[in-house]
Every structure is written in structure tokens, then in C-alpha cells.
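J.: Contents of structure38.cif (mmCIF, N, CA and C atoms) are below:
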```cif
data_coords
loop_
_atom_site.label_atom_id
_atom_site.label_comp_id
_atom_site.auth_asym_id
_atom_site.auth_seq_id
_atom_site.Cartn_x
_atom_site.Cartn_y
_atom_site.Cartn_z
N MET A 5 -5.89 7.02 3.04
CA MET A 5 -6.74 6.87 4.19
C MET A 5 -6.26 7.75 5.34
N VAL A 6 -4.96 7.80 5.54
CA VAL A 6 -4.43 8.57 6.65
C VAL A 6 -4.77 10.05 6.49
N HIS A 7 -4.64 10.55 5.29
CA HIS A 7 -4.94 11.96 5.06
C HIS A 7 -6.44 12.24 5.23
N PHE A 8 -7.26 11.30 4.82
CA PHE A 8 -8.69 11.44 5.03
C PHE A 8 -8.99 11.48 6.53
N TYR A 9 -8.38 10.57 7.28
CA TYR A 9 -8.58 10.54 8.73
C TYR A 9 -8.17 11.88 9.35
N ARG A 10 -7.02 12.39 8.93
CA ARG A 10 -6.55 13.66 9.50
C ARG A 10 -7.50 14.80 9.18
N ASN A 11 -8.06 14.79 7.98
CA ASN A 11 -9.02 15.84 7.63
C ASN A 11 -10.26 15.77 8.52
N VAL A 12 -10.72 14.57 8.81
CA VAL A 12 -11.88 14.42 9.69
C VAL A 12 -11.51 14.83 11.11
N PHE A 13 -10.32 14.44 11.56
CA PHE A 13 -9.88 14.80 12.91
C PHE A 13 -9.81 16.31 13.09
N SER A 14 -9.45 17.01 12.02
CA SER A 14 -9.34 18.47 12.13
C SER A 14 -10.70 19.12 12.37
N LEU A 15 -11.78 18.40 12.09
CA LEU A 15 -13.13 18.93 12.30
C LEU A 15 -13.75 18.45 13.61
N ALA A 16 -12.99 17.67 14.36
CA ALA A 16 -13.50 17.13 15.64
C ALA A 16 -12.72 17.75 16.79
N PRO A 17 -13.37 17.97 17.93
CA PRO A 17 -12.65 18.48 19.09
C PRO A 17 -11.65 17.43 19.58
N SER A 18 -10.58 17.89 20.19
CA SER A 18 -9.49 16.99 20.58
C SER A 18 -9.94 15.90 21.54
N ASN A 19 -10.95 16.15 22.36
CA ASN A 19 -11.39 15.13 23.30
C ASN A 19 -12.24 14.04 22.63
N LYS A 20 -12.60 14.22 21.38
CA LYS A 20 -13.41 13.22 20.66
C LYS A 20 -12.63 12.52 19.55
N VAL A 21 -11.38 12.89 19.35
CA VAL A 21 -10.59 12.34 18.24
C VAL A 21 -10.43 10.83 18.36
N ARG A 22 -10.17 10.33 19.54
CA ARG A 22 -9.98 8.88 19.73
C ARG A 22 -11.24 8.11 19.36
N GLU A 23 -12.39 8.62 19.77
CA GLU A 23 -13.67 7.97 19.45
C GLU A 23 -13.95 8.02 17.96
N VAL A 24 -13.67 9.16 17.34
CA VAL A 24 -13.86 9.31 15.90
C VAL A 24 -12.92 8.38 15.14
N ALA A 25 -11.69 8.24 15.61
CA ALA A 25 -10.72 7.35 14.97
C ALA A 25 -11.21 5.91 14.98
N THR A 26 -11.76 5.48 16.09
CA THR A 26 -12.30 4.12 16.19
C THR A 26 -13.43 3.93 15.20
N MET A 27 -14.28 4.92 15.08
CA MET A 27 -15.40 4.82 14.14
C MET A 27 -14.91 4.76 12.70
N LEU A 28 -13.92 5.59 12.35
CA LEU A 28 -13.40 5.60 10.97
C LEU A 28 -12.70 4.29 10.62
N LYS A 29 -11.98 3.72 11.57
CA LYS A 29 -11.31 2.44 11.32
C LYS A 29 -12.32 1.34 11.06
N ALA A 30 -13.50 1.45 11.64
CA ALA A 30 -14.54 0.45 11.43
C ALA A 30 -15.00 0.42 9.97
N ILE A 31 -14.92 1.55 9.29
CA ILE A 31 -15.29 1.59 7.87
C ILE A 31 -14.38 0.67 7.08
N HIS A 32 -13.10 0.78 7.31
CA HIS A 32 -12.12 0.03 6.52
C HIS A 32 -11.90 -1.39 7.03
N ALA A 33 -12.58 -1.76 8.09
CA ALA A 33 -12.49 -3.13 8.61
C ALA A 33 -13.55 -4.04 8.01
N GLN A 34 -14.41 -3.50 7.17
CA GLN A 34 -15.49 -4.28 6.58
C GLN A 34 -14.94 -5.24 5.53
N GLU A 35 -15.65 -6.34 5.31
CA GLU A 35 -15.18 -7.36 4.38
C GLU A 35 -15.60 -7.12 2.94
N ALA A 36 -16.58 -6.25 2.72
CA ALA A 36 -17.04 -5.98 1.36
C ALA A 36 -17.34 -4.49 1.22
N LYS A 37 -17.30 -4.03 -0.01
CA LYS A 37 -17.52 -2.61 -0.27
C LYS A 37 -18.93 -2.18 0.13
N ALA A 38 -19.92 -3.02 -0.12
CA ALA A 38 -21.30 -2.67 0.25
C ALA A 38 -21.43 -2.47 1.75
N GLU A 39 -20.78 -3.32 2.52
CA GLU A 39 -20.81 -3.18 3.97
C GLU A 39 -20.11 -1.90 4.41
N ALA A 40 -19.00 -1.57 3.73
CA ALA A 40 -18.27 -0.34 4.07
C ALA A 40 -19.12 0.89 3.75
N LEU A 41 -19.86 0.86 2.64
CA LEU A 41 -20.74 1.98 2.30
C LEU A 41 -21.84 2.16 3.33
N ALA A 42 -22.39 1.04 3.79
CA ALA A 42 -23.42 1.12 4.84
C ALA A 42 -22.82 1.66 6.14
N LYS A 43 -21.60 1.26 6.43
CA LYS A 43 -20.93 1.72 7.65
C LYS A 43 -20.66 3.23 7.57
N ILE A 44 -20.35 3.73 6.40
CA ILE A 44 -20.14 5.17 6.22
C ILE A 44 -21.38 5.93 6.66
N GLU A 45 -22.55 5.47 6.22
CA GLU A 45 -23.80 6.15 6.59
C GLU A 45 -24.04 6.08 8.09
N GLN A 46 -23.79 4.91 8.69
CA GLN A 46 -23.97 4.76 10.13
C GLN A 46 -23.07 5.71 10.91
N ILE A 47 -21.83 5.80 10.49
CA ILE A 47 -20.87 6.66 11.19
C ILE A 47 -21.21 8.12 10.99
N ALA A 48 -21.63 8.49 9.79
CA ALA A 48 -22.02 9.88 9.55
C ALA A 48 -23.22 10.25 10.43
N ASP A 49 -24.16 9.33 10.58
CA ASP A 49 -25.30 9.59 11.47
C ASP A 49 -24.84 9.75 12.93
N LYS A 50 -23.89 8.91 13.35
CA LYS A 50 -23.36 9.02 14.72
C LYS A 50 -22.66 10.36 14.92
N LEU A 51 -21.90 10.77 13.91
CA LEU A 51 -21.20 12.05 14.03
C LEU A 51 -22.19 13.21 14.12
N GLU A 52 -23.27 13.13 13.37
CA GLU A 52 -24.29 14.17 13.46
C GLU A 52 -24.94 14.17 14.83
N ALA A 53 -25.15 12.99 15.41
CA ALA A 53 -25.72 12.90 16.75
C ALA A 53 -24.76 13.48 17.79
N MET A 54 -23.46 13.42 17.51
CA MET A 54 -22.45 14.00 18.41
C MET A 54 -22.27 15.50 18.15
N LYS A 55 -23.10 16.05 17.27
CA LYS A 55 -23.05 17.46 16.89
C LYS A 55 -21.76 17.82 16.14
N LEU A 56 -21.29 16.88 15.32
CA LEU A 56 -20.13 17.08 14.46
C LEU A 56 -20.58 17.02 13.00
N SER A 57 -21.45 17.94 12.63
CA SER A 57 -22.08 17.88 11.31
C SER A 57 -21.07 18.09 10.17
N ARG A 58 -20.06 18.93 10.37
CA ARG A 58 -19.07 19.12 9.30
C ARG A 58 -18.24 17.86 9.08
N ALA A 59 -17.91 17.18 10.17
CA ALA A 59 -17.17 15.92 10.05
C ALA A 59 -18.05 14.86 9.38
N ALA A 60 -19.33 14.84 9.72
CA ALA A 60 -20.26 13.88 9.11
C ALA A 60 -20.37 14.14 7.60
N GLU A 61 -20.42 15.39 7.23
CA GLU A 61 -20.50 15.75 5.80
C GLU A 61 -19.24 15.30 5.06
N LEU A 62 -18.10 15.50 5.69
CA LEU A 62 -16.84 15.07 5.08
C LEU A 62 -16.78 13.56 4.96
N VAL A 63 -17.25 12.85 5.95
CA VAL A 63 -17.26 11.38 5.89
C VAL A 63 -18.16 10.92 4.75
N ARG A 64 -19.33 11.50 4.63
CA ARG A 64 -20.25 11.11 3.54
C ARG A 64 -19.66 11.41 2.17
N SER A 65 -19.01 12.54 2.02
CA SER A 65 -18.52 12.93 0.69
C SER A 65 -17.15 12.35 0.36
N GLY A 66 -16.30 12.12 1.36
CA GLY A 66 -14.93 11.73 1.06
C GLY A 66 -14.55 10.30 1.33
N ALA A 67 -15.30 9.61 2.16
CA ALA A 67 -14.90 8.24 2.55
C ALA A 67 -14.97 7.27 1.37
N ILE A 68 -15.83 7.54 0.44
CA ILE A 68 -15.97 6.63 -0.71
C ILE A 68 -14.67 6.56 -1.50
N GLU A 69 -13.95 7.65 -1.56
CA GLU A 69 -12.67 7.66 -2.28
C GLU A 69 -11.63 6.76 -1.64
N THR A 70 -11.77 6.48 -0.36
CA THR A 70 -10.80 5.63 0.33
C THR A 70 -11.11 4.15 0.19
N LEU A 71 -12.15 3.81 -0.54
CA LEU A 71 -12.56 2.40 -0.68
C LEU A 71 -12.13 1.78 -2.00
N SER A 72 -11.28 2.42 -2.75
CA SER A 72 -10.90 1.92 -4.07
C SER A 72 -10.17 0.57 -4.01
N TYR A 73 -9.57 0.25 -2.88
CA TYR A 73 -8.84 -1.01 -2.76
C TYR A 73 -9.76 -2.23 -2.83
N TYR A 74 -11.06 -2.06 -2.64
CA TYR A 74 -11.99 -3.19 -2.72
C TYR A 74 -12.06 -3.77 -4.13
N ALA A 75 -11.61 -3.06 -5.14
CA ALA A 75 -11.62 -3.56 -6.51
C ALA A 75 -10.50 -4.57 -6.76
N PHE A 76 -9.61 -4.74 -5.82
CA PHE A 76 -8.47 -5.62 -5.97
C PHE A 76 -8.63 -6.86 -5.09
N PRO A 77 -7.85 -7.91 -5.34
CA PRO A 77 -7.92 -9.10 -4.47
C PRO A 77 -7.61 -8.73 -3.03
N ASN A 78 -8.32 -9.36 -2.09
CA ASN A 78 -8.15 -8.96 -0.69
C ASN A 78 -6.76 -9.24 -0.14
N GLU A 79 -5.97 -10.05 -0.82
CA GLU A 79 -4.58 -10.26 -0.39
C GLU A 79 -3.76 -8.99 -0.54
N HIS A 80 -4.19 -8.08 -1.42
CA HIS A 80 -3.46 -6.84 -1.68
C HIS A 80 -3.98 -5.65 -0.88
N TRP A 81 -5.10 -5.80 -0.22
CA TRP A 81 -5.75 -4.65 0.42
C TRP A 81 -4.83 -3.91 1.37
N ARG A 82 -4.17 -4.61 2.26
CA ARG A 82 -3.32 -3.93 3.25
C ARG A 82 -2.22 -3.13 2.58
N ARG A 83 -1.64 -3.69 1.54
CA ARG A 83 -0.54 -3.00 0.87
C ARG A 83 -1.03 -1.82 0.03
N ILE A 84 -2.23 -1.91 -0.50
CA ILE A 84 -2.77 -0.80 -1.28
C ILE A 84 -3.19 0.34 -0.36
N ARG A 85 -3.73 0.01 0.80
CA ARG A 85 -4.21 1.05 1.72
C ARG A 85 -3.09 1.85 2.36
N THR A 86 -1.90 1.29 2.44
CA THR A 86 -0.79 1.99 3.08
C THR A 86 0.28 2.34 2.07
N ASN A 87 1.13 3.26 2.43
CA ASN A 87 2.28 3.59 1.60
C ASN A 87 3.55 3.48 2.42
N ASN A 88 3.62 2.49 3.30
CA ASN A 88 4.75 2.31 4.20
C ASN A 88 6.10 2.16 3.48
N PRO A 89 6.19 1.39 2.39
CA PRO A 89 7.50 1.28 1.73
C PRO A 89 8.01 2.63 1.22
N MET A 90 7.14 3.42 0.64
CA MET A 90 7.56 4.73 0.16
C MET A 90 7.94 5.63 1.34
N GLU A 91 7.17 5.56 2.43
CA GLU A 91 7.50 6.35 3.61
C GLU A 91 8.86 5.94 4.18
N ARG A 92 9.16 4.65 4.12
CA ARG A 92 10.45 4.16 4.62
C ARG A 92 11.60 4.71 3.78
N ILE A 93 11.44 4.73 2.47
CA ILE A 93 12.47 5.29 1.60
C ILE A 93 12.66 6.78 1.87
N MET A 94 11.55 7.50 2.00
CA MET A 94 11.63 8.93 2.25
C MET A 94 12.30 9.22 3.60
N ARG A 95 12.02 8.40 4.61
CA ARG A 95 12.65 8.58 5.91
C ARG A 95 14.15 8.37 5.82
N GLU A 96 14.58 7.37 5.03
CA GLU A 96 16.00 7.10 4.85
C GLU A 96 16.68 8.26 4.12
N ILE A 97 16.03 8.80 3.10
CA ILE A 97 16.60 9.95 2.38
C ILE A 97 16.70 11.16 3.30
N ARG A 98 15.65 11.40 4.08
CA ARG A 98 15.66 12.52 5.03
C ARG A 98 16.81 12.37 6.04
N ARG A 99 17.00 11.15 6.51
CA ARG A 99 18.07 10.89 7.47
C ARG A 99 19.43 11.21 6.87
N ARG A 100 19.63 10.81 5.61
CA ARG A 100 20.91 11.06 4.95
C ARG A 100 21.14 12.55 4.65
N THR A 101 20.10 13.25 4.23
CA THR A 101 20.28 14.66 3.89
C THR A 101 20.43 15.54 5.12
N ARG A 102 19.87 15.15 6.25
CA ARG A 102 20.02 15.94 7.47
C ARG A 102 21.46 15.92 7.98
N VAL A 103 22.16 14.83 7.72
CA VAL A 103 23.56 14.74 8.14
C VAL A 103 24.38 15.80 7.42
N VAL A 104 24.12 15.99 6.14
CA VAL A 104 24.86 16.98 5.35
C VAL A 104 24.47 18.39 5.80
N GLY A 105 23.19 18.60 6.04
CA GLY A 105 22.72 19.90 6.52
C GLY A 105 22.46 20.87 5.39
N CYS A 106 23.50 21.45 4.82
CA CYS A 106 23.34 22.47 3.77
C CYS A 106 24.11 22.02 2.54
N PHE A 107 23.43 21.88 1.43
CA PHE A 107 24.06 21.47 0.18
C PHE A 107 24.52 22.70 -0.60
N PRO A 108 25.65 22.60 -1.30
CA PRO A 108 26.13 23.75 -2.07
C PRO A 108 25.21 24.11 -3.24
N ASP A 109 24.58 23.08 -3.82
CA ASP A 109 23.62 23.33 -4.90
C ASP A 109 22.65 22.16 -5.00
N GLY A 110 21.64 22.31 -5.85
CA GLY A 110 20.62 21.27 -5.99
C GLY A 110 21.15 19.98 -6.56
N ASN A 111 22.17 20.07 -7.40
CA ASN A 111 22.73 18.86 -8.01
C ASN A 111 23.37 17.95 -6.97
N SER A 112 24.04 18.51 -5.99
CA SER A 112 24.68 17.67 -4.98
C SER A 112 23.62 16.94 -4.15
N ALA A 113 22.51 17.60 -3.84
CA ALA A 113 21.41 16.93 -3.12
C ALA A 113 20.82 15.83 -3.98
N LEU A 114 20.64 16.12 -5.25
CA LEU A 114 20.09 15.13 -6.18
C LEU A 114 21.02 13.94 -6.32
N MET A 115 22.33 14.18 -6.33
CA MET A 115 23.29 13.08 -6.44
C MET A 115 23.23 12.19 -5.19
N LEU A 116 23.09 12.79 -4.02
CA LEU A 116 23.01 12.00 -2.79
C LEU A 116 21.74 11.15 -2.78
N VAL A 117 20.63 11.74 -3.15
CA VAL A 117 19.37 11.00 -3.19
C VAL A 117 19.43 9.89 -4.23
N GLY A 118 19.95 10.21 -5.41
CA GLY A 118 20.08 9.20 -6.46
C GLY A 118 20.97 8.04 -6.04
N ALA A 119 22.06 8.34 -5.35
CA ALA A 119 22.96 7.28 -4.89
C ALA A 119 22.25 6.37 -3.90
N ARG A 120 21.45 6.97 -3.02
CA ARG A 120 20.72 6.14 -2.03
C ARG A 120 19.68 5.27 -2.73
N LEU A 121 18.97 5.82 -3.72
CA LEU A 121 17.98 5.03 -4.44
C LEU A 121 18.63 3.91 -5.25
N ARG A 122 19.81 4.18 -5.84
CA ARG A 122 20.54 3.12 -6.56
C ARG A 122 20.94 2.02 -5.59
N HIS A 123 21.36 2.39 -4.39
CA HIS A 123 21.74 1.39 -3.39
C HIS A 123 20.53 0.51 -3.02
N ILE A 124 19.39 1.15 -2.81
CA ILE A 124 18.18 0.39 -2.46
C ILE A 124 17.79 -0.55 -3.59
N ALA A 125 17.86 -0.06 -4.83
CA ALA A 125 17.49 -0.88 -5.99
C ALA A 125 18.44 -2.05 -6.18
N GLY A 126 19.70 -1.89 -5.78
CA GLY A 126 20.70 -2.93 -5.99
C GLY A 126 20.79 -3.95 -4.87
N THR A 127 20.11 -3.73 -3.77
CA THR A 127 20.19 -4.67 -2.66
C THR A 127 18.97 -5.59 -2.64
N LYS A 128 18.99 -6.54 -1.73
CA LYS A 128 17.86 -7.48 -1.60
C LYS A 128 16.57 -6.74 -1.29
N TRP A 129 16.69 -5.63 -0.53
CA TRP A 129 15.51 -4.85 -0.17
C TRP A 129 14.82 -4.29 -1.42
N GLY A 130 15.59 -3.95 -2.43
CA GLY A 130 15.01 -3.39 -3.66
C GLY A 130 14.42 -4.44 -4.58
N THR A 131 14.69 -5.72 -4.34
CA THR A 131 14.16 -6.76 -5.21
C THR A 131 12.96 -7.48 -4.61
N ARG A 132 12.54 -7.09 -3.43
CA ARG A 132 11.38 -7.74 -2.79
C ARG A 132 10.12 -7.44 -3.58
N VAL A 133 9.26 -8.42 -3.66
CA VAL A 133 7.99 -8.26 -4.36
C VAL A 133 6.98 -7.67 -3.38
N TYR A 134 6.42 -6.54 -3.75
CA TYR A 134 5.48 -5.87 -2.85
C TYR A 134 4.06 -6.37 -3.08
N LEU A 135 3.68 -6.54 -4.34
CA LEU A 135 2.36 -7.08 -4.68
C LEU A 135 2.55 -8.34 -5.51
N ASP A 136 1.99 -9.44 -5.07
CA ASP A 136 2.10 -10.70 -5.79
C ASP A 136 1.04 -10.73 -6.88
N MET A 137 1.45 -10.66 -8.11
CA MET A 137 0.53 -10.53 -9.22
C MET A 137 -0.19 -11.83 -9.58
N LYS A 138 0.17 -12.94 -8.95
CA LYS A 138 -0.51 -14.20 -9.24
C LYS A 138 -2.00 -14.14 -8.91
N HIS A 139 -2.38 -13.23 -8.01
CA HIS A 139 -3.79 -13.09 -7.64
C HIS A 139 -4.61 -12.48 -8.77
N PHE A 140 -3.95 -11.87 -9.74
CA PHE A 140 -4.65 -11.26 -10.86
C PHE A 140 -4.80 -12.20 -12.05
N ARG A 141 -4.15 -13.35 -12.02
CA ARG A 141 -4.22 -14.28 -13.15
C ARG A 141 -5.65 -14.72 -13.48
N PRO A 142 -6.50 -15.03 -12.49
CA PRO A 142 -7.88 -15.40 -12.84
C PRO A 142 -8.62 -14.27 -13.58
N VAL A 143 -8.35 -13.04 -13.23
CA VAL A 143 -8.99 -11.92 -13.91
C VAL A 143 -8.50 -11.84 -15.35
N GLU A 144 -7.20 -12.04 -15.57
CA GLU A 144 -6.64 -12.04 -16.92
C GLU A 144 -7.26 -13.15 -17.76
N GLU A 145 -7.40 -14.34 -17.17
CA GLU A 145 -7.97 -15.47 -17.91
C GLU A 145 -9.41 -15.20 -18.30
N LEU A 146 -10.19 -14.62 -17.39
CA LEU A 146 -11.58 -14.28 -17.72
C LEU A 146 -11.65 -13.24 -18.83
N THR A 147 -10.76 -12.29 -18.80
CA THR A 147 -10.73 -11.25 -19.83
C THR A 147 -10.37 -11.86 -21.18
N GLN A 148 -9.39 -12.77 -21.20
CA GLN A 148 -9.00 -13.42 -22.46
C GLN A 148 -10.13 -14.27 -23.00
N GLN A 149 -10.83 -14.99 -22.12
CA GLN A 149 -11.96 -15.82 -22.55
C GLN A 149 -13.06 -14.95 -23.12
N ALA A 150 -13.32 -13.82 -22.52
CA ALA A 150 -14.36 -12.92 -23.00
C ALA A 150 -13.97 -12.34 -24.35
N ASN A 151 -12.70 -12.03 -24.54
CA ASN A 151 -12.24 -11.49 -25.83
C ASN A 151 -12.33 -12.53 -26.93
N GLU A 152 -11.99 -13.79 -26.59
CA GLU A 152 -12.05 -14.87 -27.57
C GLU A 152 -13.49 -15.20 -27.95
N ALA A 153 -14.40 -15.13 -26.96
CA ALA A 153 -15.80 -15.44 -27.22
C ALA A 153 -16.50 -14.31 -27.97
N GLY A 154 -16.05 -13.06 -27.75
CA GLY A 154 -16.73 -11.88 -28.31
C GLY A 154 -16.31 -11.60 -29.67
#
```
Show how you would write the structure in this file as C-alpha cells.

T.:
Amino acid sequence: MVHFYRNVFSLAPSNKVREVATMLKAIHAQEAKAEALAKIEQIADKLEAMKLSRAAELVRSGAIETLSYYAFPNEHWRRIRTNNPMERIMREIRRRTRVVGCFPDGNSALMLVGARLRHIAGTKWGTRVYLDMKHFRPVEELTQQANEAG
């Protein structure tokens, strides 16, 4: 979603970015996919009225790809839409490698990164459950029932 937003922002003048951001966030604030699809059309029409036809075209063609999280239980939506845990790990690796500055070879950089990832995996932070799979059990049960009946 963030990359989609940035692509749309690149087609909008800087004085309209805040307004466009508010409109784009409204797409992903909808409670159902059908409502989000309708909101995409409304926002694209607004963008065309603001004389941002290229941004409107991008919203119409690309926003649908950002709605894939609607296929999952709504308890998971926030975690599927963001990649904050991965960004946090990458920020930690960047912080560690900047201290070293210049590595003698690629293997030494790889060893430092691997050591940090092993540390994360071995601590409480690495054992936290990011997605609770209990929300998928009803789907599994329905699938098993359909297989047994079919």
C-alpha cells in the first residue's frame, strides 16, 4: 500500500499530496471489498475533477491490487497491510552494518547479518506470533466438510 501511495503522490503536485493521501486512506478504511471498490471509483472521479487524470488512472488500475487483504479474516488485515516487523529487522541490520562502515569482503557482512538474525530468532522477540492462525480454523473445517461430502 505504501508503494502504491507513493506512486500516486508522484503524479500529484506537492500542494495536493495531503488531500490525495486522505482520499487514498479512505479506500483502505472500508469494511468490505465491495465498498472499497466503490470508493476507488469515487476517488478516481474526484482526482479527475482536480485535473489529476494520470493519478486517477493509476488509482483505477492499481488500487485493486492493494485490496488482497480482504480475502483474510479482518483480525489479520492490519498485519497483512503493513510490513513493519520486516522493516524493524532491516533497520536493526542497517544500524549494525553502519557501525562497521566498510567490510573487508561480502562474507564478513553476511556473517554479521546472520548473527543478528540468529539473535532475533533465539530471543522472545523472535518467538512472538505475528498472525494468529486460529481465525483460519473455520475455513479449514468448511474445506474438510466439502471434501468429505464431495

J.: As an exercise, work out the distance from CA of Arg64 (chain A) to atom C of Ile47 (chain A) in Å and give it to one decimal place.

T.: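 Between CA of Arg64 (chain A) and atom C of Ile47 (chain A) the gap works out to 8.1 Å.
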
J.: Which distance in Å separates atom C of Arg85 (chain A) and CA of Met5 (chain A), to one decimal?

T.: 6.5 Å

J.: Report, in Å to a single decimal, how far apart CA of Ile44 (chain A) and CA of Ile68 (chain A) are.

T.: 8.2 Å

J.: Quick one: everything within 12 Å of region 91-95 of chain A, counting only C-alpha atoms, minus sequence neighbours fewer than 2 positions away in the same chain. Send it as a PyMOL selection string.

T.: chain A and resi 86-89+97-102+117-118+120-125+129-130

J.: Translate the PyMOL selection byres ((chain A and resi 11-19) around 7), as applied to the file shown, into an explicit residue set as a list in words.

T.: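 With the shown file as input, the PyMOL selection byres ((chain A and resi 11-19) around 7) matches Val6, His7, Phe8, Tyr9, Arg10, Lys20, Val21, Arg22, Glu23, Leu56, Arg58, Ala59, Leu62 and Val63 of chain A.
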
J.: When you count only C-alpha atoms, which of these residues is closest to Glu35 (chain A): A:Met115, A:Leu71, A:Ala53, A:Ala48?

T.: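 Using only C-alpha atoms, Glu35 (chain A) sits closest to A:Leu71.
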
J.: Counting only N, CA and C atoms, write as a VMD selection string all protein and nucleic acid residues lying at most 8 Å from (-18.4, 4.9, 8.8) in the file's frame.

T.: chain A and resid 27 to 32 40 to 49 63 to 64 67
